[in-house]
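Here's the structure we're looking at; comments come further down.
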Amino acid sequence: MLGDRQRGVTRQLAGPDRERRFEGLDVEADEHGALVSQDAPAWMTVRVHDEVRAGDHDLAPLEVLAIDSSPTAEAMVFHRGRFKGLVEGDIAC
């Protein structure tokens with residue numbers, strides 16, 4: 001999962017150039033081979049549960065094997081074509 005510190009590389013990671021997707025990024029492989037950004041607010045180890053064709057996309061439901069987070073990292077969301085930070089207290093309970 002990406003956070004506010006990865007805001008500048010989000011387009012690189014989502015771009016079509018798979019060969020250079022992780023170029024210049026501070027990532028390490030965990031014991032399962034998953035790449036983890038050192039500044040990520042949260043990360044999951046997953047495996048593909050299934051693959052389903054849906055129009056011009058392929059859907060891949062994932063099974064979560066492990067999850068962890070960094071309490072000091074700031075999260076962000078992609079909403080209406082833009083990346084936005086989360087603001088404490090912005091959702092009424």
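In the structure tokens, each chain is lettered A, B, ... as it comes, each chain's residues begin at 1, and ligands are numbered from 1 in order of appearance.
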
List every residue of stretch 10-83 of chain A that DSSP, applied to the backbone of this structure, assigns to strand (DSSP E or B), and report them as a VMD selection string. chain A and resid 27 to 29 35 to 37 42 to 48 52 to 54 57 to 59 62 to 69 75 to 79 82 to 83

To one decimal in Å, tell me the separation between atom CA of A:Ala29 and atom CA of A:His79.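 Between these atoms lies a distance of 28.9 Å.
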
Quick one: everything within 12 Å of A:Leu59, counting only C-alpha atoms, minus sequence neighbours fewer than 4 positions away in the same chain. Send it as a PyMOL selection string. chain A and resi 48-55

Next, write the just-selected residues to a file, as a PDB file, in the first residue's frame, keeping C-alpha atoms as the atom set.
```pdb
ATOM      1  CA  VAL A  48      -3.723 -15.121  -6.234  1.00  0.00           C
ATOM      2  CA  HIS A  49      -6.900 -17.012  -5.318  1.00  0.00           C
ATOM      3  CA  ASP A  50      -8.451 -16.996  -8.795  1.00  0.00           C
ATOM      4  CA  GLU A  51      -8.386 -15.142 -12.123  1.00  0.00           C
ATOM      5  CA  VAL A  52     -11.579 -14.029 -13.884  1.00  0.00           C
ATOM      6  CA  ARG A  53     -11.984 -12.275 -17.247  1.00  0.00           C
ATOM      7  CA  ALA A  54     -14.273  -9.221 -16.950  1.00  0.00           C
ATOM      8  CA  GLY A  55     -14.661  -7.380 -20.250  1.00  0.00           C
TER       9      GLY A  55
END
```

Would you mind listing what lies within 9 Å of stretch 5-21 of chain A as a ChimeraX atom specification, with only C-alpha atoms counted and same-chain residues fewer than 3 positions away left out? /A:2,24-25,37,39-40,73-76,83

Mind checking DSSP for chain A and telling me the alpha helix (DSSP H) residues as a list in words? Thr10, Arg11, Gln12, Leu13 and Ala14 of chain A
